[in-house]
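Participant: Handing you this structure, nothing more for now.
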Amino acid sequence: MVNKSLAVGLVIGAAAAGTMGAVAGYRMLAAPSGAQVISAKELTKTVKTPRQDCHDEQVTHTKAPKDQDRLVGTGVGAVVGGLLGSRIGGGNTRIVTGLAGAAAGGYAGNKIEQKVQKGDTYTTTEQRCVTVYDSHEESRGYEVEYMLDGKRHHVHMDHDPGKEIPVRDGQIVTDSEGHGPEGHSS
């Protein structure tokens with residue numbers, strides 16, 4: 001006859017061993033099959049592409065004067081000024097006022113013709129272009145930090161690995177074809 005305490009002990013021991021085995025088996029099945037990813041930081045590069053931005057613009061030009069020295073305006077002003085000046089006073093005074101009138105009229109005529117020439121304009125439509133830059137971000141991969149065998153490592157990957165990096169023969173598998181690390185690890 002088997003002692004009742006021994007039988008109870010054997011049953012409890014068997015149950016405990018079975019439970020421990022089940023927990024250990026579950027842990028093995030639930031254990032990660034790869035390296036745990038701690039962080040995956042996307043690396044980007046700004047790419048600038050130049051292009052021409054053109055628009056039509058109204059431009060006002062001053063016509064080139066036919067009489068650059070404004071001799072016509074000066075001459076007409078001098079004649080009119082001299083005639084008006086000579087009507088003032090009498091005798092020799094008329095000569096002096098005529099000369100002063102001619103000088104003042106010549107100056108005034110010159111300035112009037114200059115103003116007329118500056119106002120002689122025409123408008124054209126011209127295309128104006130400037131270089132502008134369109135920019136966008138391009139991915140340069142991911143800087144990944146992961147844990148493998150209790151140690152931290154870094155690797156550069158071309159894609160986001162998610163929460164885990166597959167491991168084969170103690171090495172991480174970084175690409176879809178099952179090859180080893182493509183970057184550095186430390």
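Ordering of the structure tokens sets the chain letters (A, B, ...), residue numbers begin anew at 1 in every chain, and ligands are numbered from 1 in the order given.
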Write out as CSV a residue-level contact list of segment 90-148 of chain A versus segment 45-65 of chain A with cut-off 8 Å: for each qualifying residue the closest pair of atoms and the distance in Å to one decimal, counting only C-alpha atoms, rows sorted by chain and residue number upward.

Facilitator:
```
residue,atom,partner,partner_atom,distance
A:Gln117,CA,A:Pro65,CA,6.2
A:Lys118,CA,A:Thr62,CA,6.4
A:Gly119,CA,A:Thr62,CA,7.3
A:Asp120,CA,A:Lys63,CA,5.9
A:Thr121,CA,A:Thr62,CA,4.3
A:Tyr122,CA,A:His61,CA,5.5
A:Thr123,CA,A:Thr60,CA,4.4
A:Thr124,CA,A:Val59,CA,5.4
A:Thr125,CA,A:Gln58,CA,4.6
A:Glu126,CA,A:Glu57,CA,5.4
A:Gln127,CA,A:Asp56,CA,4.5
A:Arg128,CA,A:Cys54,CA,5.5
A:Cys129,CA,A:Cys54,CA,4.1
A:Val130,CA,A:Asp53,CA,5.4
A:Thr131,CA,A:Gln52,CA,4.7
A:Val132,CA,A:Arg51,CA,5.6
A:Tyr133,CA,A:Pro50,CA,4.4
A:Asp134,CA,A:Thr49,CA,5.2
A:Ser135,CA,A:Lys48,CA,4.3
A:His136,CA,A:Val47,CA,5.5
A:Glu137,CA,A:Thr46,CA,4.6
A:Glu138,CA,A:Lys45,CA,5.3
A:Ser139,CA,A:Lys45,CA,6.4
A:Arg140,CA,A:Lys45,CA,6.6
```

Participant: Using N, CA, C and O atoms, can you export the residues from the last selection as a compact mmCIF listing (two decimals), in the first residue's frame?

Facilitator:
```txt
# COMPACT_ATOMS: atom_id res chain seq x y z
N GLN A 117 10.28 115.30 -73.50
CA GLN A 117 11.00 114.09 -73.92
C GLN A 117 10.86 112.97 -72.89
O GLN A 117 10.69 111.81 -73.26
N LYS A 118 10.91 113.28 -71.59
CA LYS A 118 10.77 112.25 -70.56
C LYS A 118 9.36 111.66 -70.55
O LYS A 118 9.15 110.51 -70.18
N GLY A 119 8.38 112.43 -70.95
CA GLY A 119 6.99 111.96 -70.99
C GLY A 119 6.66 111.20 -72.27
O GLY A 119 5.58 110.63 -72.40
N ASP A 120 7.60 111.17 -73.21
CA ASP A 120 7.37 110.47 -74.48
C ASP A 120 7.74 108.99 -74.29
O ASP A 120 8.89 108.59 -74.47
N THR A 121 6.75 108.18 -73.84
CA THR A 121 7.02 106.79 -73.48
C THR A 121 6.16 105.84 -74.30
O THR A 121 5.18 106.24 -74.94
N TYR A 122 6.53 104.57 -74.23
CA TYR A 122 5.73 103.48 -74.81
C TYR A 122 5.85 102.27 -73.88
O TYR A 122 6.79 102.16 -73.11
N THR A 123 4.87 101.40 -73.94
CA THR A 123 4.81 100.24 -73.05
C THR A 123 4.90 98.95 -73.85
O THR A 123 4.29 98.84 -74.91
N THR A 124 5.69 98.01 -73.34
CA THR A 124 5.80 96.69 -73.97
C THR A 124 5.49 95.62 -72.92
O THR A 124 5.56 95.89 -71.71
N THR A 125 5.16 94.44 -73.39
CA THR A 125 4.97 93.30 -72.51
C THR A 125 6.20 92.42 -72.66
O THR A 125 6.53 91.99 -73.77
N GLU A 126 6.88 92.17 -71.55
CA GLU A 126 8.10 91.36 -71.59
C GLU A 126 7.97 90.20 -70.62
O GLU A 126 7.32 90.31 -69.58
N GLN A 127 8.56 89.09 -70.99
CA GLN A 127 8.53 87.92 -70.12
C GLN A 127 9.71 88.00 -69.15
O GLN A 127 10.86 88.18 -69.56
N ARG A 128 9.41 87.88 -67.87
CA ARG A 128 10.44 87.88 -66.82
C ARG A 128 10.46 86.49 -66.19
O ARG A 128 9.42 85.94 -65.86
N CYS A 129 11.64 85.94 -66.02
CA CYS A 129 11.79 84.60 -65.44
C CYS A 129 12.75 84.64 -64.26
O CYS A 129 13.73 85.38 -64.28
N VAL A 130 12.43 83.84 -63.26
CA VAL A 130 13.31 83.67 -62.11
C VAL A 130 13.42 82.17 -61.84
O VAL A 130 12.52 81.40 -62.15
N THR A 131 14.54 81.78 -61.27
CA THR A 131 14.72 80.38 -60.89
C THR A 131 14.18 80.18 -59.49
O THR A 131 14.54 80.90 -58.56
N VAL A 132 13.27 79.22 -59.35
CA VAL A 132 12.73 78.85 -58.04
C VAL A 132 13.06 77.38 -57.80
O VAL A 132 13.35 76.64 -58.74
N TYR A 133 13.04 76.98 -56.55
CA TYR A 133 13.39 75.61 -56.20
C TYR A 133 12.21 74.91 -55.53
O TYR A 133 11.67 75.41 -54.56
N ASP A 134 11.81 73.78 -56.11
CA ASP A 134 10.82 72.91 -55.48
C ASP A 134 11.61 71.93 -54.62
O ASP A 134 12.65 71.43 -55.04
N SER A 135 11.12 71.65 -53.42
CA SER A 135 11.85 70.72 -52.56
C SER A 135 10.91 69.66 -52.02
O SER A 135 9.71 69.89 -51.85
N HIS A 136 11.47 68.49 -51.79
CA HIS A 136 10.74 67.39 -51.18
C HIS A 136 11.73 66.52 -50.41
O HIS A 136 12.93 66.58 -50.63
N GLU A 137 11.18 65.74 -49.50
CA GLU A 137 12.00 64.87 -48.66
C GLU A 137 12.08 63.48 -49.28
O GLU A 137 11.07 62.95 -49.73
N GLU A 138 13.26 62.89 -49.30
CA GLU A 138 13.45 61.52 -49.75
C GLU A 138 14.01 60.71 -48.60
O GLU A 138 14.87 61.18 -47.86
N SER A 139 13.52 59.49 -48.48
CA SER A 139 13.99 58.61 -47.42
C SER A 139 15.39 58.10 -47.75
O SER A 139 15.67 57.74 -48.89
N ARG A 140 16.24 58.08 -46.74
CA ARG A 140 17.59 57.53 -46.89
C ARG A 140 17.74 56.28 -46.04
O ARG A 140 18.84 55.86 -45.75
```

Participant: Between A:Leu148, A:Ala14, A:Val155, A:Val76, which has the minimum distance to Gly170 of chain A (counting only C-alpha atoms)?

Facilitator: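 Selected residue with least distance to Gly170 of chain A: A:Leu148.
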
Participant: One decimal, Å: what's the distance from atom CA of Ala102 of chain A over to atom CA of Arg87 of chain A, could you say?

Facilitator: 12.0 Å

Participant: Just the number, please: distance in Å from atom CA of Gly106 of chain A to atom CA of Asp67 of chain A, one decimal.

Facilitator: 15.0 Å

Participant: Ranking A:Gly34, A:Gly91, A:Gly101, A:Gly18 by minimum distance to Pro161 of chain A and counting only C-alpha atoms, which one comes first?

Facilitator: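 Nearest candidate to Pro161 of chain A out of A:Gly34, A:Gly91, A:Gly101, A:Gly18: A:Gly34.
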
Participant: Could you tell me, as a ChimeraX atom specification, which residues of chain A DSSP assigns to strand (DSSP E or B) when given the backbone?

Facilitator: /A:34-62,121-148,151-157,164-168,171-172

Participant: Can you check which residues of segment 98-143 of chain A DSSP gives as helix (DSSP H, G or I) on the backbone and send them as an NGL selection string?

Facilitator: :A and (98-118)

Participant: Please provide the set of residues having any atom within 9 Å of Gly141 of chain A, restricted to only C-alpha atoms, with same-chain residues fewer than 2 positions apart removed, written as a PDB file with all heavy atoms, in the first residue's frame.

Facilitator:
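Heads up, here's the output in out.pdb:
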```pdb
ATOM      1  N   LYS A  41      14.676  55.164 -36.434  1.00  0.00           N
ATOM      2  CA  LYS A  41      14.556  56.577 -36.806  1.00  0.00           C
ATOM      3  C   LYS A  41      14.758  56.711 -38.312  1.00  0.00           C
ATOM      4  O   LYS A  41      15.795  56.312 -38.844  1.00  0.00           O
ATOM      5  CB  LYS A  41      15.601  57.408 -36.060  1.00  0.00           C
ATOM      6  CG  LYS A  41      15.552  58.866 -36.399  1.00  0.00           C
ATOM      7  CD  LYS A  41      16.628  59.641 -35.669  1.00  0.00           C
ATOM      8  CE  LYS A  41      16.638  61.079 -36.143  1.00  0.00           C
ATOM      9  NZ  LYS A  41      17.797  61.790 -35.645  1.00  0.00           N
ATOM     10  N   GLU A  42      13.737  57.281 -38.984  1.00  0.00           N
ATOM     11  CA  GLU A  42      13.847  57.464 -40.424  1.00  0.00           C
ATOM     12  C   GLU A  42      14.841  58.591 -40.728  1.00  0.00           C
ATOM     13  O   GLU A  42      14.811  59.649 -40.106  1.00  0.00           O
ATOM     14  CB  GLU A  42      12.493  57.809 -41.047  1.00  0.00           C
ATOM     15  CG  GLU A  42      12.583  57.927 -42.560  1.00  0.00           C
ATOM     16  CD  GLU A  42      11.235  58.170 -43.226  1.00  0.00           C
ATOM     17  OE1 GLU A  42      10.285  58.575 -42.542  1.00  0.00           O
ATOM     18  OE2 GLU A  42      11.174  57.960 -44.451  1.00  0.00           O
ATOM     19  N   LEU A  43      15.719  58.346 -41.676  1.00  0.00           N
ATOM     20  CA  LEU A  43      16.680  59.347 -42.126  1.00  0.00           C
ATOM     21  C   LEU A  43      16.180  59.899 -43.455  1.00  0.00           C
ATOM     22  O   LEU A  43      15.852  59.141 -44.364  1.00  0.00           O
ATOM     23  CB  LEU A  43      18.067  58.717 -42.306  1.00  0.00           C
ATOM     24  CG  LEU A  43      18.634  58.005 -41.077  1.00  0.00           C
ATOM     25  CD1 LEU A  43      19.937  57.305 -41.422  1.00  0.00           C
ATOM     26  CD2 LEU A  43      18.854  58.998 -39.951  1.00  0.00           C
ATOM     27  N   THR A  44      16.100  61.225 -43.558  1.00  0.00           N
ATOM     28  CA  THR A  44      15.612  61.840 -44.791  1.00  0.00           C
ATOM     29  C   THR A  44      16.623  62.831 -45.332  1.00  0.00           C
ATOM     30  O   THR A  44      17.515  63.293 -44.608  1.00  0.00           O
ATOM     31  CB  THR A  44      14.272  62.571 -44.554  1.00  0.00           C
ATOM     32  OG1 THR A  44      14.466  63.581 -43.568  1.00  0.00           O
ATOM     33  CG2 THR A  44      13.177  61.615 -44.131  1.00  0.00           C
ATOM     34  N   SER A 139      13.517  59.486 -48.484  1.00  0.00           N
ATOM     35  CA  SER A 139      13.988  58.609 -47.422  1.00  0.00           C
ATOM     36  C   SER A 139      15.386  58.103 -47.754  1.00  0.00           C
ATOM     37  O   SER A 139      15.671  57.737 -48.893  1.00  0.00           O
ATOM     38  CB  SER A 139      13.043  57.423 -47.248  1.00  0.00           C
ATOM     39  OG  SER A 139      13.527  56.568 -46.237  1.00  0.00           O
ATOM     40  N   GLU A 143      17.831  54.343 -39.218  1.00  0.00           N
ATOM     41  CA  GLU A 143      18.875  54.033 -38.250  1.00  0.00           C
ATOM     42  C   GLU A 143      18.170  53.261 -37.141  1.00  0.00           C
ATOM     43  O   GLU A 143      17.309  53.802 -36.450  1.00  0.00           O
ATOM     44  CB  GLU A 143      19.518  55.312 -37.717  1.00  0.00           C
ATOM     45  CG  GLU A 143      20.750  55.074 -36.908  1.00  0.00           C
ATOM     46  CD  GLU A 143      21.891  54.437 -37.716  1.00  0.00           C
ATOM     47  OE1 GLU A 143      22.049  54.725 -38.914  1.00  0.00           O
ATOM     48  OE2 GLU A 143      22.617  53.627 -37.111  1.00  0.00           O
ATOM     49  N   HIS A 156      21.919  50.201 -40.113  1.00  0.00           N
ATOM     50  CA  HIS A 156      21.202  51.033 -41.080  1.00  0.00           C
ATOM     51  C   HIS A 156      20.402  50.091 -41.972  1.00  0.00           C
ATOM     52  O   HIS A 156      20.957  49.159 -42.537  1.00  0.00           O
ATOM     53  CB  HIS A 156      22.193  51.861 -41.910  1.00  0.00           C
ATOM     54  CG  HIS A 156      21.499  52.736 -42.899  1.00  0.00           C
ATOM     55  ND1 HIS A 156      21.006  53.962 -42.564  1.00  0.00           N
ATOM     56  CD2 HIS A 156      21.190  52.544 -44.206  1.00  0.00           C
ATOM     57  CE1 HIS A 156      20.436  54.493 -43.626  1.00  0.00           C
ATOM     58  NE2 HIS A 156      20.537  53.648 -44.630  1.00  0.00           N
ATOM     59  N   MET A 157      19.101  50.345 -42.088  1.00  0.00           N
ATOM     60  CA  MET A 157      18.247  49.502 -42.917  1.00  0.00           C
ATOM     61  C   MET A 157      17.504  50.370 -43.922  1.00  0.00           C
ATOM     62  O   MET A 157      17.276  51.551 -43.684  1.00  0.00           O
ATOM     63  CB  MET A 157      17.243  48.736 -42.045  1.00  0.00           C
ATOM     64  CG  MET A 157      17.911  47.795 -41.042  1.00  0.00           C
ATOM     65  SD  MET A 157      16.724  46.932 -39.997  1.00  0.00           S
ATOM     66  CE  MET A 157      16.115  45.714 -41.150  1.00  0.00           C
ATOM     67  N   ASP A 158      17.117  49.765 -45.041  1.00  0.00           N
ATOM     68  CA  ASP A 158      16.403  50.527 -46.064  1.00  0.00           C
ATOM     69  C   ASP A 158      14.901  50.590 -45.812  1.00  0.00           C
ATOM     70  O   ASP A 158      14.171  51.243 -46.552  1.00  0.00           O
ATOM     71  CB  ASP A 158      16.681  49.957 -47.459  1.00  0.00           C
ATOM     72  CG  ASP A 158      16.194  48.525 -47.626  1.00  0.00           C
ATOM     73  OD1 ASP A 158      15.718  47.934 -46.653  1.00  0.00           O
ATOM     74  OD2 ASP A 158      16.299  48.002 -48.762  1.00  0.00           O
ATOM     75  N   HIS A 159      14.407  49.905 -44.783  1.00  0.00           N
ATOM     76  CA  HIS A 159      12.987  49.905 -44.461  1.00  0.00           C
ATOM     77  C   HIS A 159      12.809  49.876 -42.933  1.00  0.00           C
ATOM     78  O   HIS A 159      13.734  49.566 -42.208  1.00  0.00           O
ATOM     79  CB  HIS A 159      12.298  48.687 -45.095  1.00  0.00           C
ATOM     80  CG  HIS A 159      12.816  47.378 -44.563  1.00  0.00           C
ATOM     81  ND1 HIS A 159      13.997  46.822 -45.000  1.00  0.00           N
ATOM     82  CD2 HIS A 159      12.338  46.544 -43.613  1.00  0.00           C
ATOM     83  CE1 HIS A 159      14.217  45.681 -44.342  1.00  0.00           C
ATOM     84  NE2 HIS A 159      13.222  45.489 -43.499  1.00  0.00           N
ATOM     85  N   ASP A 160      11.600  50.215 -42.501  1.00  0.00           N
ATOM     86  CA  ASP A 160      11.274  50.169 -41.076  1.00  0.00           C
ATOM     87  C   ASP A 160      11.078  48.698 -40.701  1.00  0.00           C
ATOM     88  O   ASP A 160      10.216  48.029 -41.269  1.00  0.00           O
ATOM     89  CB  ASP A 160       9.998  50.960 -40.810  1.00  0.00           C
ATOM     90  CG  ASP A 160       9.682  51.100 -39.324  1.00  0.00           C
ATOM     91  OD1 ASP A 160      10.251  50.341 -38.514  1.00  0.00           O
ATOM     92  OD2 ASP A 160       8.858  51.962 -38.987  1.00  0.00           O
TER      93      ASP A 160
END
```

Participant: May I ask which of the residues A:Ile165, A:Met20, A:Ile112, A:Val173 is the closest one to Met147 of chain A, counting only C-alpha atoms?

Facilitator: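 Once distances to Met147 of chain A are computed over only C-alpha atoms, the minimum belongs to A:Ile165.
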
Participant: Env of Ser33 of chain A: 10 Å cut, atoms = only C-alpha atoms, seq-sep filter 6 positions within chain, self excluded. Answer as a list of chain:residue names.

Facilitator: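 These residues fall inside the cut-off: A:Glu164, A:Ile165, A:Pro166, A:Val167, A:Arg168.
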
Participant: Hey, which of A:Arg94, A:Ser86, A:Ala108, A:Ala100 ends up closest to Arg70 of chain A? Count only C-alpha atoms.

Facilitator: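 Among the listed residues, A:Ala108 lies closest to Arg70 of chain A.
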
Participant: Measuring between only C-alpha atoms, which one of A:Val116, A:Leu84, A:Gly109, A:Ala15 shows the shortest distance to Thr97 of chain A?

Facilitator: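 Looking at the shortest contact to Thr97 of chain A, the residue is A:Leu84.
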